[in-house]
file start_22.cif (mmCIF, C-alpha atoms)
data_final
loop_
_atom_site.label_atom_id
_atom_site.label_comp_id
_atom_site.auth_asym_id
_atom_site.auth_seq_id
_atom_site.Cartn_x
_atom_site.Cartn_y
_atom_site.Cartn_z
CA MET A 502 127.60 -35.81 100.85
CA ASN A 503 131.27 -36.97 100.54
CA ASP A 504 132.64 -40.33 101.69
CA SER A 505 134.53 -38.82 104.64
CA SER A 506 131.28 -38.32 106.43
CA TRP A 507 131.01 -42.16 106.85
CA GLY A 508 134.60 -42.41 108.31
CA ALA A 509 136.19 -44.00 105.17
CA PRO A 510 139.32 -42.63 103.38
CA PRO A 511 138.98 -41.23 99.91
CA HIS A 512 139.30 -43.87 97.27
CA THR A 513 139.08 -44.55 93.61
CA GLY A 514 137.60 -47.39 91.65
CA SER A 515 141.04 -49.12 91.36
CA GLN A 516 141.91 -49.08 95.05
CA ALA A 517 142.30 -52.39 96.79
CA GLY A 518 139.88 -51.38 99.49
CA TYR A 519 137.10 -51.07 97.02
CA TRP A 520 134.67 -53.98 97.43
CA GLY A 521 132.51 -54.48 94.44
CA PRO A 522 133.30 -54.90 90.73
CA THR A 523 136.88 -55.72 89.81
CA ALA A 524 139.03 -53.62 87.61
CA GLN A 525 138.23 -55.90 84.71
CA GLY A 526 134.48 -55.13 85.04
CA PRO A 527 131.51 -56.32 86.98
CA VAL A 528 131.25 -59.95 87.93
CA PRO A 529 128.31 -61.61 86.23
CA GLY A 530 125.42 -62.28 88.69
CA ALA A 531 126.92 -60.09 91.38
CA ALA A 532 124.76 -57.53 93.16
CA PRO A 533 125.36 -53.88 92.35
CA ALA A 534 128.12 -52.34 94.32
CA GLY A 535 127.29 -50.06 97.18
CA PRO A 536 129.45 -47.61 99.12
CA ALA A 537 132.88 -48.73 100.17
CA TYR A 538 133.52 -49.74 103.81
CA ASP A 539 136.52 -50.90 105.64
CA ALA A 540 137.15 -54.58 105.22
CA PRO A 541 136.51 -55.52 108.85
CA GLU A 542 133.21 -53.67 108.86
CA ALA A 543 132.16 -55.04 105.49
CA GLN A 544 132.62 -58.62 106.68
CA GLN A 545 129.96 -58.09 109.33
CA THR A 546 127.30 -57.18 106.78
CA ARG A 547 125.22 -59.35 104.49
CA PRO A 548 122.73 -58.46 101.78
CA MET A 549 118.98 -58.45 102.73
CA PRO A 550 117.23 -61.36 100.97
CA ILE A 551 114.89 -60.36 98.20
CA VAL A 552 111.32 -61.21 99.21
CA PRO A 553 108.94 -61.90 96.35
CA ASP A 554 105.46 -60.40 96.47
CA VAL A 555 102.66 -62.73 97.45
CA PRO A 556 99.14 -62.02 96.16
CA ALA A 557 96.52 -61.17 98.74
CA TYR A 558 94.13 -63.81 99.93
CA GLY A 559 90.60 -63.15 98.78
CA GLY A 560 91.33 -60.36 96.26
CA ASP A 561 89.31 -57.19 96.54
CA GLN A 562 86.78 -58.76 98.90
CA ASP A 563 89.33 -59.51 101.59
CA ASP A 564 91.23 -56.21 101.90
CA ASP A 565 92.25 -56.54 105.55
CA ARG A 566 93.73 -60.00 105.32
CA GLY A 567 95.21 -59.43 101.87
CA ALA A 568 96.94 -56.21 102.87
CA ALA A 569 98.63 -57.97 105.73
CA ARG A 570 100.09 -60.64 103.40
CA LEU A 571 101.08 -58.63 100.31
CA SER A 572 104.82 -58.84 100.95
CA GLY A 573 104.93 -62.45 102.09
CA PRO A 574 106.60 -63.69 105.28
CA LEU A 575 109.46 -61.49 106.49
CA PHE A 576 111.14 -64.18 108.59
CA ARG A 577 111.63 -67.85 108.12
CA ASP A 578 109.56 -68.69 111.19
CA ASP A 579 106.54 -67.04 109.50
CA THR A 580 106.44 -69.57 106.67
CA PRO A 581 103.11 -71.47 106.90
CA GLN A 582 103.54 -75.03 108.08
CA ALA A 583 101.64 -78.01 106.85
CA GLN A 584 98.11 -77.99 108.17
CA THR A 585 97.12 -80.62 110.65
CA TYR A 586 93.46 -81.29 111.26
CA ASP A 587 93.83 -82.29 114.86
CA THR A 588 95.61 -79.05 115.82
CA PRO A 589 93.61 -76.08 114.56
CA GLN A 590 96.16 -73.66 116.05
CA ALA A 591 98.70 -74.65 113.37
CA GLN A 592 96.67 -72.84 110.69
CA PRO A 593 98.02 -69.27 110.27
CA HIS A 594 95.80 -66.25 110.50
CA GLY A 595 94.16 -65.44 107.19
CA ALA A 596 94.76 -68.86 105.59
CA VAL A 597 91.93 -70.38 103.61
CA PRO A 598 90.89 -73.85 104.87
CA GLN A 599 91.30 -76.66 102.36
CA ASN A 600 87.87 -78.26 103.08
CA PRO A 601 89.03 -81.04 105.37
CA GLU A 602 86.73 -84.00 105.71
CA PRO A 603 84.21 -83.32 108.50
CA MET A 604 84.60 -85.34 111.61
CA PRO A 605 81.63 -87.66 112.21
CA ASP A 606 79.29 -86.40 114.90
CA ALA A 607 79.16 -88.32 118.10
CA PRO A 608 75.93 -90.38 118.39
CA GLN A 609 73.33 -88.50 120.40
CA PRO A 610 70.82 -90.28 122.60
CA ALA A 611 67.30 -90.29 121.16
CA PRO A 612 64.99 -87.79 122.89
CA PRO A 613 62.26 -89.34 125.02
CA PRO A 614 58.85 -89.49 123.33
CA GLN A 615 56.64 -86.52 124.13
CA LYS A 616 53.29 -87.29 125.64
CA LYS A 617 50.23 -85.45 124.45
CA SER A 618 49.04 -82.83 126.87
CA ALA A 619 45.42 -82.00 127.52
CA GLY A 620 46.33 -78.32 127.87
CA ARG A 621 44.46 -77.97 131.20
CA ASP A 622 44.51 -79.33 134.72
CA LEU A 623 42.43 -82.42 134.04
CA GLY A 624 42.01 -83.29 137.71
CA ALA A 625 40.67 -79.85 138.57
CA ALA A 626 38.42 -79.88 135.51
CA ILE A 627 36.88 -83.22 136.49
CA GLY A 628 36.40 -82.12 140.10
CA VAL A 629 34.72 -78.86 139.14
CA GLY A 630 32.55 -80.64 136.57
CA VAL A 631 31.35 -83.21 139.10
CA GLY A 632 30.61 -80.46 141.63
CA LEU A 633 28.56 -78.47 139.13
CA GLY A 634 26.73 -81.63 138.08
CA VAL A 635 25.72 -82.38 141.65
CA VAL A 636 24.36 -78.86 142.16
CA ILE A 637 22.45 -78.93 138.87
CA ILE A 638 20.95 -82.38 139.38
CA ALA A 639 19.95 -81.65 142.97
CA SER A 640 18.26 -78.37 142.11
CA LEU A 641 16.68 -79.81 138.95
CA PHE A 642 14.85 -82.72 140.61
CA VAL A 643 14.16 -81.21 144.03
CA VAL A 644 12.76 -77.73 143.35
CA LYS A 645 12.43 -76.40 139.81
CA ALA A 646 12.53 -72.80 140.97
CA VAL A 647 15.97 -73.37 142.50
CA PHE A 648 17.26 -74.62 139.18
CA VAL A 649 15.84 -71.50 137.48
CA GLY A 650 17.79 -69.45 140.03
CA VAL A 651 20.99 -71.39 139.18
CA VAL A 652 20.47 -70.60 135.49
CA ALA A 653 19.88 -66.92 136.26
CA VAL A 654 23.07 -66.71 138.34
CA ALA A 655 25.07 -68.38 135.56
CA VAL A 656 23.64 -65.87 133.08
CA VAL A 657 24.62 -62.86 135.21
CA VAL A 658 28.16 -64.16 135.75
CA GLY A 659 28.50 -64.92 132.03
CA LEU A 660 27.38 -61.38 131.15
CA TRP A 661 29.91 -59.94 133.58
CA GLU A 662 32.73 -61.97 132.02
CA LEU A 663 31.74 -61.05 128.47
CA THR A 664 31.33 -57.31 129.10
CA SER A 665 34.56 -57.18 131.13
CA ARG A 666 36.58 -58.76 128.33
CA LEU A 667 35.00 -56.46 125.74
CA GLN A 668 35.99 -53.39 127.75
CA GLU A 669 39.50 -54.64 128.54
CA ARG A 670 40.43 -55.76 125.04
CA LYS A 671 38.37 -53.54 122.73
CA GLY A 672 37.34 -50.56 124.85
CA ILE A 673 33.64 -51.43 124.32
CA LYS A 674 31.50 -50.40 127.31
CA ALA A 675 28.37 -52.53 127.11
CA PRO A 676 26.21 -51.47 130.10
CA LEU A 677 26.27 -54.32 132.62
CA VAL A 678 23.52 -53.18 135.01
CA PRO A 679 20.59 -53.30 132.54
CA LEU A 680 22.03 -56.46 131.00
CA ALA A 681 22.25 -58.28 134.33
CA LEU A 682 18.79 -57.22 135.52
CA GLY A 683 17.20 -57.84 132.13
CA GLY A 684 18.99 -61.17 131.69
CA ALA A 685 17.82 -62.58 135.02
CA ALA A 686 14.29 -61.31 134.32
CA MET A 687 14.39 -62.94 130.89
CA VAL A 688 15.08 -66.40 132.35
CA VAL A 689 12.38 -66.04 134.99
CA ALA A 690 9.85 -64.71 132.46
CA GLY A 691 10.53 -67.65 130.17
CA TYR A 692 9.80 -70.10 132.98
CA VAL A 693 6.71 -68.26 134.22
CA ARG A 694 5.19 -66.90 131.00
CA GLY A 695 6.71 -69.12 128.35
CA ALA A 696 8.14 -68.00 125.01
CA GLU A 697 5.95 -64.87 124.94
CA GLY A 698 7.34 -63.69 128.27
CA ALA A 699 10.92 -64.35 127.09
CA TRP A 700 10.43 -62.23 123.96
CA VAL A 701 8.93 -59.34 125.91
CA ALA A 702 11.78 -59.42 128.44
CA MET A 703 14.31 -59.46 125.59
CA ALA A 704 12.76 -56.36 123.99
CA LEU A 705 12.67 -54.47 127.29
CA THR A 706 16.29 -55.39 128.03
CA ALA A 707 17.42 -54.03 124.65
CA LEU A 708 15.49 -50.80 125.29
CA ALA A 709 17.06 -50.47 128.74
CA VAL A 710 20.53 -50.82 127.20
CA LEU A 711 19.82 -48.01 124.74
CA VAL A 712 18.54 -45.68 127.46
CA TRP A 713 21.22 -46.51 130.04
CA ARG A 714 24.03 -45.70 127.63
CA MET A 715 22.58 -42.21 127.05
CA THR A 716 23.89 -41.10 130.45
CA GLU A 717 27.44 -41.09 129.05
CA PRO A 718 29.07 -39.04 126.24
CA PRO A 719 27.95 -39.94 122.71
CA GLU A 720 31.39 -41.08 121.57
CA GLY A 721 31.23 -44.84 121.02
CA TYR A 722 27.47 -45.00 121.64
CA LEU A 723 26.71 -47.15 118.61
CA LYS A 724 29.34 -49.81 119.29
CA ASP A 725 28.46 -49.94 123.01
CA VAL A 726 24.73 -50.47 122.51
CA THR A 727 25.34 -52.91 119.66
CA ALA A 728 27.56 -55.00 121.92
CA GLY A 729 24.94 -54.74 124.68
CA VAL A 730 22.09 -56.02 122.49
CA PHE A 731 24.34 -58.81 121.20
CA ALA A 732 25.22 -59.83 124.76
CA ALA A 733 21.54 -59.84 125.75
CA PHE A 734 20.68 -62.17 122.90
CA TYR A 735 23.78 -64.38 123.15
CA VAL A 736 23.65 -65.19 126.86
CA PRO A 737 20.27 -64.74 128.60
CA PHE A 738 17.91 -65.13 125.65
CA LEU A 739 19.44 -68.43 124.52
CA ALA A 740 19.51 -69.63 128.14
CA THR A 741 15.77 -68.94 128.36
CA PHE A 742 15.12 -72.06 126.24
CA VAL A 743 16.40 -74.16 129.14
CA ALA A 744 13.65 -72.63 131.29
CA LEU A 745 11.14 -73.34 128.52
CA MET A 746 12.13 -77.04 128.53
CA LEU A 747 11.65 -77.11 132.27
CA THR A 748 7.98 -76.06 132.02
CA ALA A 749 6.95 -79.40 130.47
CA ASP A 750 5.57 -82.22 132.62
CA ASP A 751 8.77 -84.19 132.11
CA GLY A 752 10.77 -80.97 132.13
CA PRO A 753 13.58 -82.17 134.41
CA TRP A 754 14.21 -85.17 132.14
CA ARG A 755 14.24 -82.97 129.08
CA VAL A 756 16.77 -80.64 130.67
CA LEU A 757 18.84 -83.63 131.80
CA THR A 758 18.79 -85.02 128.24
CA PHE A 759 19.91 -81.65 126.91
CA LEU A 760 22.80 -81.46 129.40
CA LEU A 761 23.85 -85.08 128.93
CA LEU A 762 23.95 -84.89 125.13
CA THR A 763 25.96 -81.66 125.16
CA VAL A 764 28.47 -83.00 127.69
CA VAL A 765 28.77 -86.34 125.87
CA SER A 766 29.31 -84.54 122.56
CA ASP A 767 32.10 -82.40 124.03
CA THR A 768 33.65 -85.42 125.74
CA GLY A 769 33.57 -87.53 122.56
CA ALA A 770 35.14 -84.73 120.55
CA TYR A 771 37.88 -84.29 123.14
CA ALA A 772 38.66 -88.00 123.63
CA VAL A 773 38.70 -88.99 119.96
CA GLY A 774 40.41 -85.79 118.82
CA TRP A 775 43.13 -86.06 121.46
CA ARG A 776 43.86 -89.68 120.63
CA PHE A 777 43.35 -89.84 116.86
CA GLY A 778 43.06 -86.23 115.67
CA LYS A 779 45.28 -85.39 112.69
CA HIS A 780 43.19 -83.29 110.29
CA LYS A 781 42.32 -79.78 111.49
CA LEU A 782 38.65 -78.82 111.45
CA ALA A 783 38.98 -75.02 111.54
CA PRO A 784 42.66 -74.14 112.09
CA ARG A 785 42.13 -70.37 111.75
CA ILE A 786 39.45 -70.36 114.46
CA SER A 787 40.35 -73.20 116.83
CA PRO A 788 43.57 -75.08 115.98
CA GLY A 789 42.87 -77.79 118.56
CA LYS A 790 39.70 -79.09 116.91
CA THR A 791 39.98 -81.89 114.38
CA ARG A 792 37.69 -83.70 111.97
CA GLU A 793 38.29 -86.89 113.86
CA GLY A 794 37.10 -85.12 117.01
CA LEU A 795 33.92 -84.00 115.24
CA LEU A 796 33.29 -87.59 114.16
CA GLY A 797 33.72 -88.67 117.77
CA ALA A 798 31.26 -86.00 118.93
CA VAL A 799 28.65 -87.14 116.41
CA THR A 800 29.08 -90.83 117.29
CA PHE A 801 28.95 -90.34 121.06
CA ALA A 802 26.02 -87.90 120.90
CA MET A 803 23.94 -90.12 118.60
CA VAL A 804 24.38 -93.15 120.84
CA ALA A 805 23.55 -91.11 123.94
CA GLY A 806 20.58 -89.51 122.17
CA ALA A 807 19.12 -92.88 121.25
CA LEU A 808 19.40 -94.08 124.84
CA CYS A 809 17.97 -90.88 126.35
CA MET A 810 14.99 -90.66 124.00
CA GLN A 811 14.22 -94.35 124.54
CA PHE A 812 14.46 -94.42 128.34
CA LEU A 813 14.15 -90.84 129.67
CA ILE A 814 11.67 -89.00 127.48
CA ASP A 815 7.99 -89.89 127.50
CA ASP A 816 6.78 -91.24 124.13
CA GLY A 817 10.31 -90.91 122.73
CA SER A 818 11.91 -93.31 120.25
CA TRP A 819 15.50 -94.37 119.65
CA TRP A 820 15.57 -93.14 116.02
CA GLN A 821 14.48 -89.72 117.23
CA GLY A 822 17.41 -89.85 119.60
CA LEU A 823 19.79 -90.48 116.71
CA LEU A 824 18.59 -87.32 114.96
CA LEU A 825 18.66 -85.38 118.22
CA GLY A 826 22.23 -86.48 118.93
CA LEU A 827 23.35 -85.49 115.43
CA ALA A 828 21.79 -82.05 115.81
CA VAL A 829 23.34 -81.58 119.27
CA ALA A 830 26.83 -82.49 118.00
CA ALA A 831 26.50 -79.95 115.19
CA SER A 832 25.12 -77.12 117.37
CA ALA A 833 27.59 -77.74 120.20
CA THR A 834 30.53 -77.69 117.79
CA LEU A 835 29.30 -74.51 116.12
CA GLY A 836 28.74 -72.88 119.50
CA ASP A 837 32.25 -73.78 120.60
CA LEU A 838 33.68 -72.39 117.37
CA GLY A 839 31.59 -69.24 117.75
CA GLU A 840 33.00 -68.44 121.17
CA SER A 841 36.48 -69.35 119.96
CA MET A 842 36.01 -66.75 117.22
CA ILE A 843 35.08 -64.15 119.85
CA LYS A 844 38.07 -65.02 122.04
CA ARG A 845 40.44 -64.97 119.08
CA ASP A 846 39.17 -61.53 118.11
CA LEU A 847 39.71 -60.39 121.70
CA GLY A 848 43.14 -62.03 121.87
CA ILE A 849 42.40 -64.16 124.96
CA LYS A 850 42.43 -67.86 125.76
CA ASP A 851 39.62 -67.98 128.32
CA MET A 852 36.75 -65.68 129.21
CA GLY A 853 37.59 -65.92 132.91
CA THR A 854 39.27 -67.88 135.68
CA LEU A 855 36.32 -68.61 137.94
CA LEU A 856 36.28 -72.38 137.30
CA PRO A 857 39.68 -74.10 137.76
CA GLY A 858 40.48 -76.36 134.82
CA HIS A 859 37.65 -74.86 132.75
CA GLY A 860 38.27 -71.12 132.59
CA GLY A 861 35.20 -68.98 133.08
CA ILE A 862 31.44 -69.58 133.12
CA MET A 863 31.25 -68.53 129.47
CA ASP A 864 33.82 -71.19 128.59
CA ARG A 865 31.29 -73.80 129.80
CA LEU A 866 28.23 -72.13 128.32
CA ASP A 867 29.72 -71.81 124.84
CA SER A 868 28.29 -75.12 123.58
CA LEU A 869 25.24 -75.17 125.89
CA LEU A 870 23.73 -71.84 124.83
CA PRO A 871 23.26 -72.50 121.08
CA THR A 872 22.23 -76.11 121.77
CA ALA A 873 19.33 -75.16 124.08
CA PRO A 874 16.96 -73.84 121.36
CA VAL A 875 17.84 -76.78 119.07
CA VAL A 876 16.94 -79.39 121.71
CA TRP A 877 13.81 -77.49 122.77
CA LEU A 878 12.54 -77.30 119.20
CA LEU A 879 13.24 -80.96 118.33
CA LEU A 880 11.63 -82.21 121.52
CA VAL A 881 8.53 -80.16 120.79
CA LEU A 882 8.41 -81.63 117.28
CA PHE A 883 9.00 -85.21 118.44
CA VAL A 884 6.91 -85.49 121.62
CA GLY A 885 5.08 -82.17 121.93
CA SER A 886 5.44 -79.29 124.38
CA GLY A 887 4.23 -81.45 127.28
#

call {"tool": "encode", "arguments": {"input": "start_22.cif", "output": "structure tokens"}}
result
Amino acid sequence: MNDSSWGAPPHTGSQAGYWGPTAQGPVPGAAPAGPAYDAPEAQQTRPMPIVPDVPAYGGDQDDDRGAARLSGPLFRDDTPQAQTYDTPQAQPHGAVPQNPEPMPDAPQPAPPPQKKSAGRDLGAAIGVGVGLGVVIIASLFVVKAVFVGVVAVAVVVGLWELTSRLQERKGIKAPLVPLALGGAAMVVAGYVRGAEGAWVAMALTALAVLVWRMTEPPEGYLKDVTAGVFAAFYVPFLATFVALMLTADDGPWRVLTFLLLTVVSDTGAYAVGWRFGKHKLAPRISPGKTREGLLGAVTFAMVAGALCMQFLIDDGSWWQGLLLGLAVAASATLGDLGESMIKRDLGIKDMGTLLPGHGGIMDRLDSLLPTAPVVWLLLVLFVGSG
């Protein structure tokens, strides 16, 4: 393209209108000459400042920010200003902070101390416990047969809770009808015919479970009947020993001793464990139980056992009560842990919701059921069958 296309007259290197190097040669330090313009137009132009390259922030690991800053600021207003810590907006985008000293945190008010919680409605639990105690004591010392009926009802309700949870959580269908009928008969037979009657009723109940389950498809037969036989032994058969204690001449006092020691053991474990418990007893089974609570159960039960054997049981002695209390604390704790193991396997907290503040019937029978044969046996050894 010739120079006339830009509106300038033809020229040579020696013309006066030529802006750039002089005739004597280029001026040292001057920029290379460009095309010639008219003097008035040339005065309105100025060379673009040379902008040095600025390395990217962050190198290869910060491509986005580095690419935006490769050529440095294009205008004077883009030059980063001195950073001020009280105005974060002054820091340009992509700049790396210079680790300013952290501002001290404002003092926070101390949180209020957390009170230990019992985990249940304690008022409801006490009310329900007192109500059950009144019913049991009244039936125990008025008419023995009524107390046997109370035990049978508790057994049937406990079987219903246990079989319902097994079916809901594990799909195990332990037959409830033969269990309920056989369980009630087991308690009555133990009171009427003694230990022999209880064993016969237990065998017939197990047979009834096997036959009853045959009316359904064979899938799952083994696990269903196994759970049924276990339920028959765990709930009604162990409860039969309460009826066996009742057959003695001082039967009501023996049953009362059994109930008092079990309740006192549970209460001592709860009170001492809640107040002083720090070392877990069996965290994988029952995280709430502590060694301090077990010590409280043993202490409370031994003191109560000595008093009961001395003042409630005919021909009893205080030292026998100490041994009885120790055995009750051990059996009650193991029974509680046993049912906790069942509930943990089923993934539930309580067996039922029938008793406010307690859970279900089985949640109250957990320590009573395994303790009944222990108390019955020790009383027979200490003072006879009566």

call {"tool": "resolve_selection", "arguments": {"input": "start_22.cif", "expression": "the PyMOL selection byres ((chain A and resi 756-766) around 9)", "output": "ChimeraX atom specification"}}
result
/A:638,641,743-744,746-747,751-755,767-771,795,797-803,805-806,809-810,813-814,825-826,829-830,833-834,868-869,872-873,876-877

call {"tool": "residues_around", "arguments": {"input": "start_22.cif", "residues": "stretch 667-669 of chain A", "least_positions_apart": "3", "cutoff": "12 Å", "atoms": "only C-alpha atoms", "output": "PyMOL selection string"}}
result
chain A and resi 660-664+672-677+721+724-725+727-729+731-732+843-844+846-849+852

call {"tool": "closest_residue", "arguments": {"input": "start_22.cif", "among": "A:Ala639, A:Ala655, A:Leu739, A:Ala749", "to": "A:Ile862", "atoms": "all atoms listed in the file"}}
result
A:Ala655

call {"tool": "closest_residue", "arguments": {"input": "start_22.cif", "among": "A:Gly628, A:Gly684, A:Gly634, A:Pro718", "to": "A:Val736", "atoms": "all atoms listed in the file"}}
result
A:Gly684

call {"tool": "atom_distance", "arguments": {"input": "start_22.cif", "atom1": "atom CA of A:Val710", "atom2": "atom CA of A:Gly861"}}
result
24.1 Å
